[in-house]
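Single-structure report; data block below.
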Amino acid sequence: MILPLLLLAQVAQPSPADVARVERVLARAPIVDGHNDLAWEIREKYDGKVEALDLRDATRPPYPLQTDIARLRSGRVGGQFWSVWIPAATTGAQAVEMTLEQIDIVRRMVAAHPRDFALALTAADVRAIAKQGRVASLIGVEGGHQINGRLSVLRQYHALGVRYMTLTHGKSLDWADSSTDDPRANGLNAFGRQVVAEMNRLGMLVDVSHVADTTMRAVLAVTKAPVIASHSNARALANAPRNIPDDLLGAIGRNGGVVMVNFYPAFLSAEWRAWDAARTAHAKAIGVPANVYGANAPAPLVAWDSAHPAPRVTIATVADHVEHVARMAGRAGVGLGGDFDGINGTGPEGLTGVDGYPRLLAELARRGWSDADLAGLASGNILRVMEAAEAAARGLATATPVDATAR
């Protein structure tokens with residue numbers, strides 16, 4: 001009996017009624033996604049020249065992207081946190097300079113498409129811009145290395161429109177530990193606590209994606225506002241250090257925060273992750289780059305891929321993570337942070353670009369999610385967290401800015 005039931009689960013599809021219900025939900029509560037790396041793709045593939053990219057349709061060669069205006073509209077996206085990521089190995093003054101360039105790319109992209117985008121600074125801005133039929137564009141800094149150990153830099157990022165900062169990326173800092181590096185700060189040191197306090201004072205969301213478990217616990221102990229994990233998944237379903245264990249999912253829910261589920265197959269599926277590790281080892285052994293997938297990969301890897309098909313990662317896989325996070329953090333504690341244009345290769349089947357969100361919500365509707373819960377997942381939960389951070393900042397308005405640098 002088990003095999004037929006498994007096959008039935010694989011082929012089950014949302015009904016037309018589920019699809020229609022999701023359209024009604026998204027008409028009043030469009031998607032607000034927590035993380036998109038388009039700005040880095042524009043830098044790398046188009047030399048930062050926003051004007052060289054036809055963002056109305058970016059599916060065409062030579063550099064097809066996972067994000068463009070047509071697909072944002074099809075995906076019912078009303079708000080997007082654009083990541084201004086830079087490599088974790090870039091530090092010091094160069095990190096600040098490169099971050100400013102990335103912020104400039106986002107702001108120029110928004111300015112170049114005024115009928116489609118508008119810069120948002122508050123939850124109220126997001127709601128108003130989405131009602132106009134445009135994409136509310138927010139900015140997130142993806143790594144504390146980007147402030148160069150200076151709260152003054154953090155404040156200036158905020159002045160330029162940055163509304164969250166991920167405390168670490170792939171490398172630990174003197175003041176905060178990463179999930180994918182050796183510890184240096186015992187979670188969060190004194191300066192790290194000052195960073196969190198200053199972000200609370202500014203109303204900037206504290207993002208705990210990428211950080212070590214010890215850092216996450218330390219943040220939750222000191223923050224005066226709900227936190228976010230802008231693009232993270234459940235470790236119980238895919239045992240990656242980047243994913244969040246159940247106890248911390250629960251703690252983020254109790255904090256009033258939100259965990260925004262990532263669509264990168266490496267963080268969704270243990271099987272895909274093992275396949276990719278074997279593929280990377282083979283690429284290293286034969287001396288070719290491993291981070292290129294599909295027909296554009298080196299010929300020896302195309303042959304390896306043909307002989308070793310990747311495990312399937314589907315919308316159902318993503319829905320499993322959404323439901324697991326919701327069980328641990330509550331349905332008010334889960335959102336969506338697709339990581340589009342930060343995904344090497346392709347996303348899950350049916351979620352290969354920013355047009356895929358309605359299909360994910362339809363799968364959850366099929367599983368019995370209510371309209372209210374779907375609306376919270378789409379945007380209500382992250383907007384509530386933004387409003388709480390803004391309220392906390394108003395309560396801290398008389399606090400004196402901290403004048404400190406990392407030691």
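By convention here, the chains of the structure tokens are called A, B, ... in the order presented, each chain's residues are numbered starting at 1, and ligands are numbered starting at 1 in the order presented.
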
Apply DSSP to the backbone of this structure and, from region 63-259 of chain A, keep only the residues in strand (DSSP E or B); write these as number ranges by chain.
A: 77-83, 117-119, 135-142, 150, 162-166, 176, 178, 188, 205-207, 211, 228-229, 234, 244, 258-259

So that I can check the surroundings of Thr223 (chain A), please list as a list in words every protein, DNA and RNA residue that reaches within 12 Å of it, counting only C-alpha atoms and ignoring chain neighbours fewer than 5 positions away.
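Listing them by chain and then by number gives Leu188, Gly192, Arg193, Gln194, Val195, Val196, Ala197, Glu198, Met199, Asn200, Arg201, Gly203, Met204, Leu205, Val206, Asp207, Val208, Thr215, Met216, Arg217, Ala218, Ile228, Ile252, Asn255, Gly256, Gly257, Ala389, Ala392 and Ala393 of chain A.
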
Selection above as a file: C-alpha atoms, as a PDB file, in the first residue's frame:
```pdb
ATOM      1  CA  LEU A 188      27.732  37.592  19.721  1.00  0.00           C
ATOM      2  CA  GLY A 192      27.658  42.577  18.284  1.00  0.00           C
ATOM      3  CA  ARG A 193      25.134  43.397  20.991  1.00  0.00           C
ATOM      4  CA  GLN A 194      25.661  47.086  20.229  1.00  0.00           C
ATOM      5  CA  VAL A 195      24.947  46.392  16.557  1.00  0.00           C
ATOM      6  CA  VAL A 196      21.647  44.721  17.458  1.00  0.00           C
ATOM      7  CA  ALA A 197      20.748  47.581  19.815  1.00  0.00           C
ATOM      8  CA  GLU A 198      21.494  50.198  17.164  1.00  0.00           C
ATOM      9  CA  MET A 199      19.468  48.306  14.556  1.00  0.00           C
ATOM     10  CA  ASN A 200      16.561  48.222  17.030  1.00  0.00           C
ATOM     11  CA  ARG A 201      16.944  51.977  17.591  1.00  0.00           C
ATOM     12  CA  GLY A 203      14.015  50.295  13.122  1.00  0.00           C
ATOM     13  CA  MET A 204      16.224  48.122  10.915  1.00  0.00           C
ATOM     14  CA  LEU A 205      15.258  44.444  10.900  1.00  0.00           C
ATOM     15  CA  VAL A 206      17.842  42.078  12.404  1.00  0.00           C
ATOM     16  CA  ASP A 207      18.254  39.184   9.960  1.00  0.00           C
ATOM     17  CA  VAL A 208      19.515  35.888  11.390  1.00  0.00           C
ATOM     18  CA  THR A 215      24.516  33.876  17.429  1.00  0.00           C
ATOM     19  CA  MET A 216      20.797  33.392  16.858  1.00  0.00           C
ATOM     20  CA  ARG A 217      20.235  32.585  20.525  1.00  0.00           C
ATOM     21  CA  ALA A 218      22.286  35.597  21.601  1.00  0.00           C
ATOM     22  CA  ILE A 228      13.615  37.840  10.609  1.00  0.00           C
ATOM     23  CA  ILE A 252      11.763  33.048  16.560  1.00  0.00           C
ATOM     24  CA  ASN A 255       9.879  36.477  19.573  1.00  0.00           C
ATOM     25  CA  GLY A 256       7.159  37.534  17.104  1.00  0.00           C
ATOM     26  CA  GLY A 257       9.554  37.135  14.194  1.00  0.00           C
ATOM     27  CA  ALA A 389      10.318  47.034  14.431  1.00  0.00           C
ATOM     28  CA  ALA A 392      10.167  49.558  18.767  1.00  0.00           C
ATOM     29  CA  ALA A 393      12.251  52.276  17.119  1.00  0.00           C
TER      30      ALA A 393
END
```

Ranking A:Pro183, A:Arg279, A:His324, A:Leu151 by minimum distance to Ala236 (chain A) and counting only C-alpha atoms, which one comes first?
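Closest to Ala236 (chain A) of all the choices is A:His324.
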
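Residue nearest Asp373 (chain A), chosen from A:Asp341, A:Ala332, A:Thr280, A:Glu142 and counting only C-alpha atoms: A:Ala332.
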
Once DSSP has gone over the backbone, tell me which residues of region 132-231 of chain A are in alpha helix (DSSP H), as a ChimeraX atom specification.
/A:151-159,190-202,213-222

Val22 (chain A) environment, 7 Å, only C-alpha atoms, sequence neighbours closer than 4 positions dropped, as a list in words:
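The contact residues come out as Asp18, Leu26, Pro358, Leu361 and Ala362 of chain A.
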
From the list A:Phe263, A:Tyr164, A:Trp275, A:Trp85, which residue is nearest His145 (chain A) when using only C-alpha atoms?
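Of all the options, A:Trp85 lies closest to His145 (chain A).
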
Pick out the closest residue to Val106 (chain A) from this set: A:Ser269, A:Asn291, A:Ser83, A:Asn243. Count only C-alpha atoms.
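Result for the nearest residue to Val106 (chain A): A:Ser83.
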
Determine, for each residue of region 63-130 of chain A having at least one atom at most 12 Å from an atom of region 156-159 of chain A, the closest pair of atoms and their separation in Å to one decimal, counting only C-alpha atoms; order by chain and ascending number, as a tab-separated table.
```
residue	atom	partner	partner_atom	distance
A:Val84	CA	A:Tyr157	CA	10.8
A:Val96	CA	A:Tyr157	CA	9.6
A:Glu97	CA	A:Tyr157	CA	11.5
A:Thr99	CA	A:Tyr157	CA	8.9
A:Leu100	CA	A:Tyr157	CA	8.2
A:Glu101	CA	A:Tyr157	CA	11.7
A:Gln102	CA	A:Tyr157	CA	11.2
A:Ile103	CA	A:Tyr157	CA	8.6
A:Asp104	CA	A:Tyr157	CA	11.2
A:Leu121	CA	A:His158	CA	9.4
A:Thr122	CA	A:His158	CA	11.8
```

Since we have the selection now, will you write its residues out, keeping all heavy atoms, as a compact mmCIF listing (two decimals), in the first residue's frame?
```txt
# COMPACT_ATOMS: atom_id res chain seq x y z
N VAL A 84 21.70 43.51 -1.22
CA VAL A 84 22.91 44.17 -1.72
C VAL A 84 24.12 43.39 -1.20
O VAL A 84 25.00 43.92 -0.53
CB VAL A 84 22.95 45.67 -1.37
CG1 VAL A 84 21.89 46.42 -2.14
CG2 VAL A 84 22.77 45.93 0.13
N VAL A 96 32.69 48.48 2.17
CA VAL A 96 31.75 49.61 2.22
C VAL A 96 31.54 50.19 0.83
O VAL A 96 30.40 50.44 0.40
CB VAL A 96 32.27 50.69 3.20
CG1 VAL A 96 31.33 51.89 3.20
CG2 VAL A 96 32.42 50.12 4.60
N GLU A 97 32.62 50.39 0.10
CA GLU A 97 32.52 50.94 -1.25
C GLU A 97 31.66 50.04 -2.15
O GLU A 97 30.78 50.52 -2.87
CB GLU A 97 33.91 51.10 -1.85
CG GLU A 97 33.92 51.64 -3.27
CD GLU A 97 35.32 51.75 -3.84
OE1 GLU A 97 36.27 51.96 -3.06
OE2 GLU A 97 35.47 51.61 -5.08
N THR A 99 29.41 47.86 -1.24
CA THR A 99 28.02 47.89 -0.79
C THR A 99 27.31 49.13 -1.30
O THR A 99 26.15 49.06 -1.75
CB THR A 99 27.95 47.84 0.74
OG1 THR A 99 28.60 46.65 1.20
CG2 THR A 99 26.51 47.86 1.23
N LEU A 100 27.98 50.27 -1.26
CA LEU A 100 27.37 51.50 -1.79
C LEU A 100 27.07 51.36 -3.28
O LEU A 100 26.03 51.83 -3.77
CB LEU A 100 28.29 52.69 -1.54
CG LEU A 100 28.47 53.10 -0.07
CD1 LEU A 100 29.53 54.19 0.05
CD2 LEU A 100 27.15 53.55 0.53
N GLU A 101 27.95 50.70 -4.00
CA GLU A 101 27.70 50.46 -5.43
C GLU A 101 26.48 49.57 -5.62
O GLU A 101 25.67 49.80 -6.54
CB GLU A 101 28.93 49.82 -6.07
CG GLU A 101 30.13 50.75 -6.18
CD GLU A 101 31.41 50.04 -6.59
OE1 GLU A 101 31.41 48.79 -6.66
OE2 GLU A 101 32.40 50.73 -6.84
N GLN A 102 26.31 48.57 -4.75
CA GLN A 102 25.15 47.69 -4.87
C GLN A 102 23.86 48.42 -4.52
O GLN A 102 22.83 48.23 -5.18
CB GLN A 102 25.33 46.47 -3.96
CG GLN A 102 26.44 45.52 -4.39
CD GLN A 102 26.21 44.98 -5.78
OE1 GLN A 102 26.80 45.44 -6.76
NE2 GLN A 102 25.31 44.02 -5.91
N ILE A 103 23.90 49.27 -3.49
CA ILE A 103 22.73 50.09 -3.16
C ILE A 103 22.39 50.99 -4.35
O ILE A 103 21.21 51.15 -4.72
CB ILE A 103 23.00 50.93 -1.90
CG1 ILE A 103 23.10 50.02 -0.67
CG2 ILE A 103 21.91 51.98 -1.69
CD1 ILE A 103 23.58 50.72 0.59
N ASP A 104 23.40 51.53 -4.99
CA ASP A 104 23.19 52.40 -6.15
C ASP A 104 22.52 51.62 -7.29
O ASP A 104 21.65 52.16 -7.98
CB ASP A 104 24.53 52.98 -6.60
CG ASP A 104 24.38 53.92 -7.78
OD1 ASP A 104 23.74 54.97 -7.62
OD2 ASP A 104 24.89 53.59 -8.88
N LEU A 121 10.26 52.37 2.43
CA LEU A 121 11.03 52.48 3.67
C LEU A 121 10.27 51.94 4.87
O LEU A 121 10.89 51.64 5.90
CB LEU A 121 11.41 53.94 3.92
CG LEU A 121 12.24 54.62 2.82
CD1 LEU A 121 12.48 56.08 3.18
CD2 LEU A 121 13.56 53.90 2.60
N THR A 122 8.96 51.83 4.77
CA THR A 122 8.13 51.40 5.89
C THR A 122 7.10 50.39 5.40
O THR A 122 6.85 50.25 4.20
CB THR A 122 7.38 52.59 6.51
OG1 THR A 122 6.44 53.10 5.54
CG2 THR A 122 8.34 53.70 6.93
```

Å distance separating CA of Ala89 (chain A) from CA of Gly170 (chain A), one decimal place
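Separating CA of Ala89 (chain A) from CA of Gly170 (chain A) is a distance of 8.7 Å.
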
Nearest-residue call for Val292 (chain A), choices A:Val322, A:Ile343, A:Met260, A:Ala128, using only C-alpha atoms
A:Ile343

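For the pair CA of Lys171 (chain A) and CA of Arg184 (chain A), the interatomic distance is 9.8 Å.
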
To one decimal place, how far is CA of Ile147 (chain A) from CA of Ala39 (chain A) in Å?
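Straight-line distance from CA of Ile147 (chain A) to CA of Ala39 (chain A) works out to 18.3 Å.
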
Near Gly140 (chain A), counting only C-alpha atoms, which residues have an atom at most 8 Å away, once you skip same-chain residues fewer than 5 positions from it, shown as a VMD selection string?
chain A and resid 35 81 to 84 162 to 166
